[in-house]
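Asks: Below is the file my_file34.cif, with mmCIF, C-alpha atoms and all ligand atoms.
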data_my_file
#
loop_
_atom_site.label_atom_id
_atom_site.label_comp_id
_atom_site.auth_asym_id
_atom_site.auth_seq_id
_atom_site.Cartn_x
_atom_site.Cartn_y
_atom_site.Cartn_z
CA MET F 214 201.25 121.71 110.07
CA ALA F 215 200.95 120.22 113.61
CA GLU F 216 197.92 118.00 114.18
CA PHE F 217 195.93 117.78 117.41
CA ASP F 218 192.57 116.29 118.47
CA LEU F 219 191.36 119.59 119.94
CA LEU F 220 192.37 123.24 119.63
CA VAL F 221 191.49 125.49 122.57
CA LEU F 222 191.81 129.16 121.67
CA GLY F 223 192.10 131.24 124.85
CA ALA F 224 193.66 130.17 128.15
CA GLY F 225 191.44 131.91 130.70
CA PRO F 226 189.41 129.78 133.13
CA ALA F 227 187.15 128.45 130.33
CA GLY F 228 190.07 127.41 128.10
CA SER F 229 192.10 125.83 130.90
CA ALA F 230 189.05 123.91 132.15
CA ALA F 231 188.44 122.59 128.62
CA ALA F 232 192.11 121.73 128.12
CA VAL F 233 192.57 119.90 131.44
CA THR F 234 189.38 117.87 130.89
CA ALA F 235 190.30 116.83 127.34
CA ALA F 236 193.99 116.18 128.11
CA ARG F 237 193.10 113.94 131.07
CA ALA F 238 190.89 111.91 128.73
CA GLY F 239 193.91 111.35 126.50
CA LEU F 240 193.18 113.86 123.72
CA ARG F 241 196.04 115.74 122.10
CA VAL F 242 195.16 119.30 123.07
CA ALA F 243 196.70 122.60 121.94
CA LEU F 244 196.12 125.38 124.50
CA ILE F 245 196.61 128.65 122.61
CA ASP F 246 196.74 132.23 123.90
CA ARG F 247 198.23 135.41 122.55
CA HIS F 248 199.60 136.23 126.01
CA SER F 249 202.30 134.48 127.99
CA PHE F 250 201.24 133.65 131.52
CA PRO F 251 201.12 135.16 134.06
CA ARG F 252 199.11 137.92 132.35
CA ASP F 253 196.67 140.49 133.76
CA LYS F 254 192.93 140.16 133.28
CA LEU F 255 190.58 142.90 134.44
CA CYS F 256 188.33 141.20 136.99
CA GLY F 257 187.23 141.45 140.62
CA GLY F 258 188.74 138.01 141.10
CA GLY F 259 185.83 136.98 143.34
CA PHE F 260 185.94 133.18 143.35
CA THR F 261 182.59 132.15 144.80
CA GLY F 262 181.54 128.84 146.31
CA ARG F 263 180.03 128.01 142.91
CA SER F 264 183.43 128.60 141.22
CA MET F 265 185.16 126.52 143.89
CA ARG F 266 182.69 123.66 143.42
CA TYR F 267 183.29 123.57 139.66
CA PHE F 268 187.05 124.05 140.10
CA ARG F 269 187.28 121.02 142.42
CA GLU F 270 185.17 118.89 140.11
CA ILE F 271 187.23 119.79 137.01
CA PHE F 272 190.79 120.10 138.32
CA ALA F 273 190.39 117.33 140.92
CA THR F 274 192.28 119.25 143.59
CA GLY F 275 191.23 121.18 146.69
CA MET F 276 192.38 124.74 145.97
CA PRO F 277 193.89 126.65 143.05
CA ASP F 278 197.65 126.91 143.52
CA THR F 279 197.52 130.68 144.00
CA PRO F 280 197.33 133.26 146.81
CA VAL F 281 193.75 133.45 148.03
CA LEU F 282 192.13 135.58 150.73
CA ARG F 283 189.39 133.51 152.33
CA GLN F 284 186.46 135.64 153.44
CA ASP F 285 183.46 134.69 155.49
CA ALA F 286 181.87 138.14 155.89
CA ILE F 287 179.91 140.12 153.32
CA SER F 288 178.05 143.44 153.32
CA PHE F 289 175.26 144.15 150.86
CA CYS F 290 174.16 147.69 150.10
CA ALA F 291 171.53 148.85 147.64
CA PHE F 292 170.99 152.35 146.32
CA GLY F 293 173.02 153.84 149.16
CA HIS F 294 171.44 151.85 152.03
CA GLU F 295 173.05 148.96 153.88
CA ILE F 296 170.68 146.03 153.49
CA GLY F 297 172.58 143.31 155.27
CA HIS F 298 175.89 142.37 156.86
CA PHE F 299 176.58 138.68 157.29
CA THR F 300 179.37 136.83 159.03
CA GLY F 301 180.15 133.12 159.09
CA ILE F 302 178.94 132.67 155.51
CA PRO F 303 180.29 129.85 153.29
CA ALA F 304 183.76 130.97 152.23
CA LEU F 305 184.27 133.39 149.35
CA HIS F 306 187.78 133.33 147.90
CA MET F 307 189.35 136.56 146.69
CA THR F 308 192.00 136.04 144.02
CA MET F 309 194.10 138.03 141.56
CA ARG F 310 193.38 136.79 138.05
CA ARG F 311 197.03 137.18 137.06
CA ASP F 312 197.89 134.41 139.54
CA LEU F 313 194.71 132.36 139.30
CA ASP F 314 194.76 131.99 135.51
CA HIS F 315 198.46 131.15 135.55
CA ALA F 316 197.76 128.36 138.07
CA LEU F 317 194.97 126.97 135.88
CA VAL F 318 197.18 127.01 132.76
CA ARG F 319 199.93 125.20 134.70
CA ALA F 320 197.42 122.54 135.74
CA ALA F 321 196.20 122.07 132.15
CA VAL F 322 199.77 121.74 130.85
CA ALA F 323 200.66 119.34 133.69
CA ALA F 324 197.67 117.23 132.56
CA GLY F 325 199.22 116.95 129.11
CA ALA F 326 197.93 119.94 127.08
CA THR F 327 200.54 121.43 124.73
CA ASP F 328 201.39 124.95 125.83
CA LEU F 329 201.01 127.31 122.87
CA THR F 330 200.53 130.46 124.94
CA GLY F 331 202.42 133.67 124.23
CA GLN F 332 202.01 133.40 120.44
CA LYS F 333 200.15 135.75 118.15
CA VAL F 334 197.30 134.21 116.17
CA THR F 335 197.74 135.34 112.56
CA ALA F 336 194.93 133.30 110.95
CA LEU F 337 191.90 131.32 112.07
CA ASP F 338 189.95 128.84 109.94
CA ILE F 339 186.61 127.93 111.51
CA ASP F 340 185.47 125.49 108.81
CA GLN F 341 188.41 123.07 108.85
CA PRO F 342 189.57 124.17 112.30
CA SER F 343 193.08 125.52 112.19
CA VAL F 344 194.95 128.33 113.88
CA THR F 345 198.10 129.90 112.48
CA LEU F 346 200.65 131.05 115.03
CA GLY F 347 203.31 133.11 113.32
CA GLY F 348 204.22 130.90 110.35
CA GLN F 349 203.02 127.59 111.82
CA ALA F 350 199.48 126.18 111.48
CA VAL F 351 197.96 123.86 114.08
CA THR F 352 194.89 121.87 113.13
CA ALA F 353 192.29 119.56 114.73
CA PRO F 354 188.81 118.18 114.00
CA LEU F 355 187.36 120.47 116.71
CA LEU F 356 188.02 123.94 118.07
CA ILE F 357 186.85 125.46 121.35
CA GLY F 358 186.64 129.27 121.27
CA ALA F 359 187.53 130.36 124.82
CA ASP F 360 188.80 133.78 123.79
CA GLY F 361 186.71 135.99 126.05
CA VAL F 362 184.21 138.79 125.61
CA ASN F 363 185.86 140.22 122.48
CA SER F 364 186.10 136.71 120.99
CA THR F 365 187.80 136.53 117.61
CA THR F 366 186.20 133.10 117.18
CA ALA F 367 182.65 134.45 117.75
CA ARG F 368 183.39 137.27 115.29
CA ALA F 369 184.58 134.77 112.69
CA LEU F 370 181.42 132.69 113.23
CA PHE F 371 178.73 135.35 113.61
CA GLY F 372 180.24 138.66 112.46
CA ARG F 373 180.47 140.18 115.94
CA ALA F 374 181.59 139.14 119.40
CA PHE F 375 178.50 140.42 121.28
CA ASP F 376 175.31 142.43 120.91
CA PRO F 377 176.18 146.08 121.75
CA LYS F 378 172.55 146.75 122.85
CA HIS F 379 172.82 144.30 125.74
CA ILE F 380 176.50 144.19 126.65
CA GLY F 381 177.72 145.32 130.07
CA PHE F 382 180.78 147.41 130.84
CA ALA F 383 182.84 147.62 134.01
CA LEU F 384 185.55 149.88 135.43
CA GLU F 385 188.02 148.93 138.11
CA VAL F 386 190.91 150.22 140.20
CA GLU F 387 193.47 148.16 142.09
CA LEU F 388 194.62 149.62 145.40
CA PRO F 389 197.88 148.18 146.63
CA ALA F 390 197.38 149.23 150.27
CA GLU F 391 196.82 146.43 152.75
CA THR F 392 193.23 145.88 153.84
CA PRO F 393 192.70 145.60 157.58
CA PRO F 394 192.01 141.99 158.63
CA GLY F 395 188.30 141.19 158.81
CA THR F 396 187.32 143.75 156.14
CA PRO F 397 184.23 142.22 154.55
CA VAL F 398 183.57 141.68 150.88
CA ARG F 399 181.15 144.43 149.85
CA ILE F 400 178.60 144.49 147.03
CA ASP F 401 176.51 147.59 146.24
CA PHE F 402 173.49 147.08 144.00
CA GLY F 403 172.75 150.23 142.03
CA ALA F 404 176.28 151.72 142.21
CA ALA F 405 175.81 151.80 138.43
CA ASP F 406 172.44 151.91 136.68
CA TRP F 407 171.22 148.32 136.25
CA GLY F 408 174.48 147.24 137.78
CA TYR F 409 176.50 147.16 140.95
CA GLY F 410 179.74 148.08 142.67
CA TRP F 411 182.22 145.87 144.50
CA ASP F 412 184.95 146.32 147.05
CA PHE F 413 186.95 143.11 147.29
CA PRO F 414 189.80 142.76 149.80
CA LYS F 415 192.78 140.74 148.51
CA THR F 416 196.02 139.38 149.92
CA CYS F 417 197.84 142.23 148.15
CA GLY F 418 195.35 145.11 148.42
CA ARG F 419 191.83 145.80 147.31
CA THR F 420 189.91 145.78 144.01
CA ILE F 421 187.10 148.32 143.67
CA GLY F 422 184.84 148.60 140.64
CA VAL F 423 181.46 149.39 139.15
CA GLY F 424 179.72 147.74 136.23
CA GLY F 425 176.35 147.65 134.57
CA VAL F 426 174.40 147.53 131.33
CA LEU F 427 176.43 149.77 128.99
CA ARG F 428 173.57 151.59 127.22
CA ARG F 429 172.10 152.64 130.59
CA ASN F 430 175.42 154.01 131.88
CA THR F 431 176.66 156.86 129.75
CA ASP F 432 179.15 158.09 132.36
CA LEU F 433 180.43 155.07 134.23
CA LYS F 434 183.53 157.04 135.27
CA ALA F 435 181.26 159.34 137.29
CA ASN F 436 179.65 156.27 138.90
CA LEU F 437 183.11 154.98 139.86
CA SER F 438 184.13 158.37 141.30
CA ALA F 439 180.92 158.55 143.33
CA TYR F 440 181.41 154.98 144.55
CA LEU F 441 185.02 155.61 145.59
CA ALA F 442 183.91 158.76 147.41
CA ALA F 443 181.14 156.83 149.20
CA LEU F 444 183.76 154.29 150.33
CA GLY F 445 186.01 157.12 151.53
CA VAL F 446 188.74 156.21 149.03
CA ALA F 447 190.89 158.92 147.41
CA THR F 448 193.16 157.44 144.77
CA ASP F 449 194.88 158.28 141.52
CA ALA F 450 195.34 154.58 140.65
CA PRO F 451 194.74 153.94 136.92
CA VAL F 452 191.14 153.17 135.99
CA LYS F 453 190.73 150.25 133.58
CA GLY F 454 187.61 149.14 131.73
CA GLN F 455 186.29 146.12 129.90
CA PHE F 456 183.11 144.76 128.35
CA LEU F 457 181.21 142.18 130.34
CA PRO F 458 178.47 139.87 129.02
CA PHE F 459 175.38 140.73 131.07
CA GLY F 460 172.50 138.38 130.38
CA THR F 461 172.51 137.74 126.66
CA TYR F 462 174.14 134.41 126.08
CA ARG F 463 174.44 132.84 122.63
CA ARG F 464 171.53 130.45 122.14
CA GLN F 465 173.60 128.71 119.47
CA PRO F 466 177.01 128.41 121.22
CA GLY F 467 179.02 127.76 118.09
CA ARG F 468 178.72 126.44 114.56
CA GLY F 469 179.94 123.37 112.71
CA ARG F 470 183.07 122.12 114.45
CA VAL F 471 183.48 125.12 116.72
CA MET F 472 182.10 125.50 120.27
CA LEU F 473 182.16 128.78 122.23
CA VAL F 474 182.64 128.75 126.00
CA GLY F 475 182.78 131.24 128.88
CA ASP F 476 182.51 134.94 128.00
CA ALA F 477 182.75 134.12 124.28
CA ALA F 478 179.37 132.39 124.70
CA GLY F 479 178.00 135.21 126.93
CA LEU F 480 177.86 133.04 130.06
CA VAL F 481 177.88 135.57 132.91
CA ASP F 482 175.37 135.97 135.75
CA PRO F 483 173.42 139.14 134.85
CA ILE F 484 172.85 140.15 138.48
CA THR F 485 176.22 139.55 140.11
CA GLY F 486 178.48 139.75 137.03
CA GLU F 487 180.03 136.46 138.11
CA GLY F 488 181.57 134.71 135.11
CA ILE F 489 184.40 132.50 136.36
CA ALA F 490 182.08 129.69 137.49
CA TYR F 491 180.24 129.40 134.17
CA ALA F 492 183.54 129.77 132.29
CA LEU F 493 184.93 126.73 134.15
CA LYS F 494 181.75 124.69 133.76
CA SER F 495 181.17 125.48 130.08
CA GLY F 496 184.82 124.69 129.29
CA GLN F 497 184.39 121.30 130.92
CA LEU F 498 181.07 120.63 129.14
CA ALA F 499 182.52 121.51 125.72
CA ALA F 500 185.51 119.24 126.32
CA VAL F 501 183.28 116.36 127.44
CA SER F 502 181.20 116.79 124.26
CA ALA F 503 184.39 116.82 122.17
CA ILE F 504 185.65 113.64 123.84
CA ALA F 505 182.36 111.81 123.22
CA ALA F 506 182.05 112.99 119.61
CA LEU F 507 185.65 112.09 118.74
CA ARG F 508 185.24 108.64 120.31
CA THR F 509 182.39 107.87 117.93
CA GLY F 510 184.32 109.31 114.99
CA ALA F 511 181.69 112.03 114.50
CA PRO F 512 183.22 115.39 115.53
CA GLU F 513 180.33 117.24 113.88
CA THR F 514 178.01 115.97 116.68
CA ALA F 515 179.97 117.68 119.47
CA LEU F 516 178.23 121.05 119.19
CA ASP F 517 174.74 119.60 119.53
CA GLN F 518 175.75 117.61 122.63
CA TYR F 519 177.38 120.71 124.09
CA ARG F 520 174.33 122.90 123.43
CA LYS F 521 172.10 120.41 125.28
CA ALA F 522 174.56 120.13 128.18
CA LEU F 523 174.56 123.93 128.53
CA SER F 524 170.81 124.19 129.01
CA PRO F 525 170.87 124.36 132.88
CA ILE F 526 173.28 127.34 132.64
CA HIS F 527 171.14 129.00 129.96
CA ARG F 528 168.06 128.47 132.14
CA ALA F 529 169.81 129.96 135.21
CA ILE F 530 170.88 133.06 133.25
CA SER F 531 167.35 133.54 131.85
CA GLN F 532 165.89 133.25 135.36
CA ALA F 533 168.37 135.79 136.70
CA ARG F 534 167.36 138.16 133.90
CA MET F 535 163.74 137.71 134.90
CA ILE F 536 164.53 138.69 138.51
CA ARG F 537 166.78 141.62 137.55
CA PRO F 538 164.00 144.20 137.06
CA PHE F 539 162.77 143.54 140.62
CA ILE F 540 166.13 144.78 141.85
CA PHE F 541 166.87 147.61 139.44
CA TYR F 542 163.59 148.96 138.07
CA PRO F 543 163.17 152.37 139.85
CA ALA F 544 159.55 151.71 140.93
CA PHE F 545 160.60 148.47 142.66
CA ARG F 546 163.78 149.65 144.38
CA ASN F 547 162.27 150.44 147.79
CA SER F 548 160.41 147.14 147.79
CA PHE F 549 163.62 145.29 146.96
CA VAL F 550 165.49 147.07 149.78
CA SER F 551 162.82 146.31 152.38
CA GLY F 552 162.24 142.80 150.98
CA PHE F 553 165.94 141.93 151.26
CA ARG F 554 166.20 143.48 154.74
CA ASN F 555 163.13 141.74 156.09
CA SER F 556 163.11 138.37 154.36
CA SER F 557 165.57 135.99 155.95
CA THR F 558 164.57 133.42 153.31
CA LEU F 559 165.50 135.72 150.42
CA ARG F 560 168.82 136.60 152.08
CA SER F 561 169.74 133.02 152.84
CA GLU F 562 168.78 131.90 149.31
CA TYR F 563 171.04 134.59 147.90
CA LEU F 564 173.95 133.55 150.13
CA ARG F 565 173.35 129.92 149.15
CA LEU F 566 173.50 131.02 145.52
CA LEU F 567 176.92 132.64 146.06
CA ALA F 568 178.01 129.50 147.88
CA GLY F 569 177.05 127.37 144.88
CA GLU F 570 174.44 125.48 146.92
CA THR F 571 171.43 126.52 144.87
CA GLU F 572 170.56 128.01 141.49
CA TYR F 573 168.19 130.76 140.39
CA GLY F 574 165.20 128.37 140.07
CA PRO F 575 164.13 128.45 143.74
CA ILE F 576 164.81 132.21 143.99
CA THR F 577 162.68 132.83 140.89
CA ARG F 578 159.81 130.77 142.32
CA ARG F 579 159.96 132.64 145.64
CA THR F 580 160.15 136.00 143.85
CA LEU F 581 157.08 135.14 141.76
CA ALA F 582 155.21 133.95 144.88
CA ARG F 583 155.93 137.29 146.57
CA LEU F 584 155.01 139.28 143.46
CA PRO F 585 151.50 140.43 144.57
CA ARG F 586 152.90 141.75 147.89
CA PHE F 587 155.86 143.25 146.08
CA LEU F 588 153.68 145.10 143.56
CA ALA F 589 151.28 146.32 146.29
CA ARG F 590 154.24 147.70 148.30
CA SER F 591 155.68 149.37 145.19
CA VAL F 592 152.36 151.09 144.42
CA LEU F 593 151.94 152.26 148.05
CA ASN F 594 155.55 153.57 148.30
C1 LIG F 601 185.73 144.41 135.68
C2 LIG F 601 185.27 142.97 135.75
C3 LIG F 601 185.13 142.38 137.01
C4 LIG F 601 184.74 141.03 137.08
N1 LIG F 601 184.67 140.45 138.33
C5 LIG F 601 184.36 139.13 138.42
C6 LIG F 601 184.41 138.47 139.69
O1 LIG F 601 184.76 139.06 140.72
N2 LIG F 601 184.07 137.15 139.74
C7 LIG F 601 183.69 136.46 138.62
O2 LIG F 601 183.37 135.27 138.73
N3 LIG F 601 183.68 137.06 137.39
C8 LIG F 601 184.02 138.36 137.27
N4 LIG F 601 184.05 138.95 136.03
C9 LIG F 601 183.78 138.13 134.84
C10 LIG F 601 184.99 137.26 134.50
O3 LIG F 601 186.15 138.07 134.44
C11 LIG F 601 184.80 136.55 133.15
O4 LIG F 601 183.48 136.05 133.07
C12 LIG F 601 185.80 135.41 132.97
O5 LIG F 601 187.11 135.91 132.91
C13 LIG F 601 185.51 134.62 131.68
O6 LIG F 601 186.54 133.68 131.47
P1 LIG F 601 186.93 133.22 129.99
O7 LIG F 601 187.94 132.13 130.16
O8 LIG F 601 185.70 132.96 129.22
O9 LIG F 601 187.60 134.49 129.30
P2 LIG F 601 188.90 135.32 129.70
O10 LIG F 601 189.19 135.16 131.13
O11 LIG F 601 188.66 136.69 129.17
O12 LIG F 601 190.07 134.63 128.89
C14 LIG F 601 190.14 134.75 127.49
C15 LIG F 601 191.56 134.46 127.04
O13 LIG F 601 191.59 134.47 125.61
C16 LIG F 601 192.74 135.12 125.15
N5 LIG F 601 192.47 135.66 123.82
C17 LIG F 601 191.53 136.56 123.48
N6 LIG F 601 191.57 136.81 122.16
C18 LIG F 601 192.57 136.05 121.65
C19 LIG F 601 193.10 135.88 120.36
N7 LIG F 601 192.62 136.52 119.29
N8 LIG F 601 194.13 135.03 120.21
C20 LIG F 601 194.63 134.35 121.27
N9 LIG F 601 194.17 134.47 122.51
C21 LIG F 601 193.15 135.32 122.71
C22 LIG F 601 193.01 136.20 126.19
O14 LIG F 601 194.37 136.58 126.20
C23 LIG F 601 192.57 135.50 127.48
O15 LIG F 601 193.66 134.90 128.13
C24 LIG F 601 184.44 140.29 135.91
C25 LIG F 601 184.58 140.90 134.65
C26 LIG F 601 185.00 142.23 134.57
C27 LIG F 601 185.16 142.86 133.20
#
Would you mind writing the file's structure down as structure tokens?
Ligand SMILES: Cc1cc2nc3c(=O)[nH]c(=O)nc-3n(C[C@H](O)[C@H](O)[C@H](O)COP(=O)(O)OP(=O)(O)OC[C@H]3O[C@@H](n4cnc5c(N)ncnc54)[C@H](O)[C@@H]3O)c2cc1C
Replies:
Amino acid sequence: MAEFDLLVLGAGPAGSAAAVTAARAGLRVALIDRHSFPRDKLCGGGFTGRSMRYFREIFATGMPDTPVLRQDAISFCAFGHEIGHFTGIPALHMTMRRDLDHALVRAAVAAGATDLTGQKVTALDIDQPSVTLGGQAVTAPLLIGADGVNSTTARALFGRAFDPKHIGFALEVELPAETPPGTPVRIDFGAADWGYGWDFPKTCGRTIGVGGVLRRNTDLKANLSAYLAALGVATDAPVKGQFLPFGTYRRQPGRGRVMLVGDAAGLVDPITGEGIAYALKSGQLAAVSAIAALRTGAPETALDQYRKALSPIHRAISQARMIRPFIFYPAFRNSFVSGFRNSSTLRSEYLRLLAGETEYGPITRRTLARLPRFLARSVLN
């Protein structure tokens, strides 16, 4: 039995952020993943300004050590109409998760975390945290469950990884062809019902996908085909799919000596589907809570500290859920399209949100202030 101070199960952005934070503070950290890195992860790989801000804060370096296409142009469409094209915006970074996650694992291991990736987990004890890898058990007073949307840890704690009534689902294709320089990032609200489509240029091609609330999208493959056709793309590239948390985070992000982070805790923006930023931040917050609790010799207090530290993220996700109907509810669609086209404030707030310069609070307040006009326009339409 190998003993550590902290077990981190899952080495995506949430797990690596937790591991680097705890290892730098001198904890003995085991970073565990069933895959060896580099490994693929289905994702648009859009690394927003918000992700970059958290990345710099946590990893204490300027850029992830990975190929990145820096973009400063974005096109927004909604329900088939272009609603805005912007250039000179704060940089968005387009990554491939295979490379990005590998770079983050390398950084966590360089900070002192023990690399236990590429090993199958054969048993998990959530009461006296321990993980068995093949024949060998590793144990610690605390465990961080960073094992993604299908989290084994969440299932062990609560019986299921997510609520199927509220989960999202997304489909994607990777196109290897080079994208012409200057091709903007494109986001299409409504390419799926209560969801969106994306066309992200990369250094090595282009990632196109659609995603939305699963129960409202019974034929997401048809949405993807229609979206590809609208973009003028004919391809027989394999279509891959994955669940995506979409607004229902876990109010209780763990139990006992176990904390859940990232997708395992449901921390994804329910309008944009952005999850890397909250994965990084929640990983850091859980590690900071673990460090503080272990220092006082009271590991059982870590979860409560972590839950309190998460409240700004929980609030932001709840606010985004509140705004979501104003974008997707059929009676409001035209008002949203004309509101976004005509309101420079709304547009710039949204771009500031992607840049990580603001949160949903100010957007929610503005949306509520415009509500009477919005409703009147919707009734008249
Ligand atoms: C199609 C799609 C497109 C997306 N596009 C974007 C985007 O452009 N930008 C953005 O910000 N977000 C995007 N997201 C969301 C983003 O991918 C996730 O929010 C993010 O990956 C969450 O990070 P994580 O570390 O919590 O989990 P993950 O990245 O899923 O990492 C979990 C890790 O745990 C490991 N693991 C799982 N189970 C076990 C087990 N039993 N034993 C051992 N290891 C295990 C896995 O191998 C994996 O390495 C997208 C999601 C989807 C599905």
Asks: Please indicate the distance in Å from CA of Ala515 in chain F to CA of Phe459 in chain F, rounded to one decimal place.
Replies: 26.2 Å
Asks: Skipping near chain neighbours, those fewer than 5 positions away, what residues fall within 9 Å of Ala478 in chain F using all atoms listed in the file, listed as a PyMOL selection string?
Replies: chain F and resi 358-359+361-362+364+367+374-375+458+461-467+472-473+495
Asks: Write out as a ChimeraX atom specification which residues come within 8 Å of range 294-307 of chain F when counting only C-alpha atoms, dropping same-chain ones fewer than 2 positions away.
Replies: /F:258-262,281-292,309,413-416,550-551,553-554,564,568
Asks: What are the centre and edge lengths in Å, to one decimal, of the axis-aligned box around all listed atoms of range 257-262 of chain F with 5 Å added on each side, as lines of an AutoDock Vina configuration file?
Replies:
center_x = 185.1
center_y = 135.1
center_z = 143.5
size_x = 17.2
size_y = 22.6
size_z = 15.7
Asks: Check the smallest atom-to-atom distance from each of F:Met535, F:Leu584, F:Leu355, F:Gly275 to Leu516 in chain F using all atoms listed in the file, then report the winner.
Replies: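 With all atoms listed in the file as the atom set, the closest residue is F:Leu355.
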Asks: List the neighbours of Glu572 in chain F out to 7 Å using only C-alpha atoms; skip same-chain residues closer than 3 positions along the sequence, and give me the result as an NGL selection string.
Replies: :F and (529 or 566 or 575)
Asks: Just how far from CA of Ser556 in chain F is CA of Ala490 in chain F, in Å to one decimal?
Replies: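 Here the two named atoms are 26.8 Å from each other.
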Asks: Could you please extract the residues within 6 Å of ligand LIG 601 (chain F), counting all atoms listed in the file, and hand them back as a PDB file with C-alpha atoms, in the frame of the given file?
Replies:
ATOM      1  CA  LEU F 222     191.810 129.160 121.670  1.00  0.00           C
ATOM      2  CA  GLY F 223     192.100 131.240 124.850  1.00  0.00           C
ATOM      3  CA  ALA F 224     193.660 130.170 128.150  1.00  0.00           C
ATOM      4  CA  GLY F 225     191.440 131.910 130.700  1.00  0.00           C
ATOM      5  CA  PRO F 226     189.410 129.780 133.130  1.00  0.00           C
ATOM      6  CA  ALA F 227     187.150 128.450 130.330  1.00  0.00           C
ATOM      7  CA  GLY F 228     190.070 127.410 128.100  1.00  0.00           C
ATOM      8  CA  ASP F 246     196.740 132.230 123.900  1.00  0.00           C
ATOM      9  CA  ARG F 247     198.230 135.410 122.550  1.00  0.00           C
ATOM     10  CA  HIS F 248     199.600 136.230 126.010  1.00  0.00           C
ATOM     11  CA  LEU F 255     190.580 142.900 134.440  1.00  0.00           C
ATOM     12  CA  CYS F 256     188.330 141.200 136.990  1.00  0.00           C
ATOM     13  CA  GLY F 257     187.230 141.450 140.620  1.00  0.00           C
ATOM     14  CA  GLY F 258     188.740 138.010 141.100  1.00  0.00           C
ATOM     15  CA  GLY F 259     185.830 136.980 143.340  1.00  0.00           C
ATOM     16  CA  PHE F 260     185.940 133.180 143.350  1.00  0.00           C
ATOM     17  CA  VAL F 334     197.300 134.210 116.170  1.00  0.00           C
ATOM     18  CA  ALA F 359     187.530 130.360 124.820  1.00  0.00           C
ATOM     19  CA  ASP F 360     188.800 133.780 123.790  1.00  0.00           C
ATOM     20  CA  GLY F 361     186.710 135.990 126.050  1.00  0.00           C
ATOM     21  CA  SER F 364     186.100 136.710 120.990  1.00  0.00           C
ATOM     22  CA  THR F 365     187.800 136.530 117.610  1.00  0.00           C
ATOM     23  CA  ALA F 383     182.840 147.620 134.010  1.00  0.00           C
ATOM     24  CA  LEU F 384     185.550 149.880 135.430  1.00  0.00           C
ATOM     25  CA  GLU F 385     188.020 148.930 138.110  1.00  0.00           C
ATOM     26  CA  GLN F 455     186.290 146.120 129.900  1.00  0.00           C
ATOM     27  CA  PHE F 456     183.110 144.760 128.350  1.00  0.00           C
ATOM     28  CA  LEU F 457     181.210 142.180 130.340  1.00  0.00           C
ATOM     29  CA  GLY F 475     182.780 131.240 128.880  1.00  0.00           C
ATOM     30  CA  ASP F 476     182.510 134.940 128.000  1.00  0.00           C
ATOM     31  CA  ALA F 477     182.750 134.120 124.280  1.00  0.00           C
ATOM     32  CA  VAL F 481     177.880 135.570 132.910  1.00  0.00           C
ATOM     33  CA  GLY F 486     178.480 139.750 137.030  1.00  0.00           C
ATOM     34  CA  GLU F 487     180.030 136.460 138.110  1.00  0.00           C
ATOM     35  CA  GLY F 488     181.570 134.710 135.110  1.00  0.00           C
ATOM     36  CA  ILE F 489     184.400 132.500 136.360  1.00  0.00           C
ATOM     37  CA  ALA F 490     182.080 129.690 137.490  1.00  0.00           C
ATOM     38  CA  ALA F 492     183.540 129.770 132.290  1.00  0.00           C
TER      39      ALA F 492
END
Asks: Measuring between all atoms listed in the file, which one of F:Thr234, F:Thr577, F:Thr352, F:Gln497 shows the shortest distance to Asp218 in chain F?
Replies: F:Thr352
Asks: Got a sec: who's within 12 Å of Glu270 in chain F, counting all atoms listed in the file, leaving out chain neighbours fewer than 2 positions off, as a CSV table (one decimal) with C-alpha atoms, in the coordinates of the input?
Replies:
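The result, written out as out.csv:
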chain,number,residue,atom,x,y,z
F,230,ALA,CA,189.0,123.9,132.2
F,233,VAL,CA,192.6,119.9,131.4
F,234,THR,CA,189.4,117.9,130.9
F,263,ARG,CA,180.0,128.0,142.9
F,264,SER,CA,183.4,128.6,141.2
F,265,MET,CA,185.2,126.5,143.9
F,266,ARG,CA,182.7,123.7,143.4
F,267,TYR,CA,183.3,123.6,139.7
F,268,PHE,CA,187.0,124.0,140.1
F,272,PHE,CA,190.8,120.1,138.3
F,273,ALA,CA,190.4,117.3,140.9
F,274,THR,CA,192.3,119.2,143.6
F,275,GLY,CA,191.2,121.2,146.7
F,276,MET,CA,192.4,124.7,146.0
F,490,ALA,CA,182.1,129.7,137.5
F,493,LEU,CA,184.9,126.7,134.2
F,494,LYS,CA,181.8,124.7,133.8
F,497,GLN,CA,184.4,121.3,130.9
F,498,LEU,CA,181.1,120.6,129.1
Asks: From (201.1, 126.8, 125.9), in the file's coordinates, out to 10 Å: which residues are reached, counting all atoms listed in the file? Answer as a list in words.
Replies: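 Residues with an atom close enough to that point: Ala224, Val242, Ala243, Leu244, Ile245, Asp246, Arg247, His248, Ser249, Phe250, Val318, Arg319, Ala321, Val322, Ala326, Thr327, Asp328, Leu329, Thr330, Gly331 and Gln332 of chain F.
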Asks: My list of candidates is F:Val386, F:Asp401, F:Pro377, F:Ala238. Which is closest to Asp449 in chain F when distances are computed with all atoms listed in the file?
Replies: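 Among F:Val386, F:Asp401, F:Pro377, F:Ala238, it is F:Val386 that comes nearest to Asp449 in chain F.
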Asks: Using only C-alpha atoms for the distances, tell me which of F:Ala235, F:Ala316, F:Ala353, F:Met214 is nearest to Pro251 in chain F.
Replies: F:Ala316
Asks: How many Å lie between CA of Leu437 in chain F and CA of Arg311 in chain F, rounded to one decimal?
Replies: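 These two atoms are separated by 22.8 Å.
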Asks: Please work out which residues fall within 9 Å of (191.8, 147.4, 146.6), coordinates as given in the file, with all atoms listed in the file counting, and return them as a PyMOL selection string.
Replies: chain F and resi 386-392+412-415+417-421
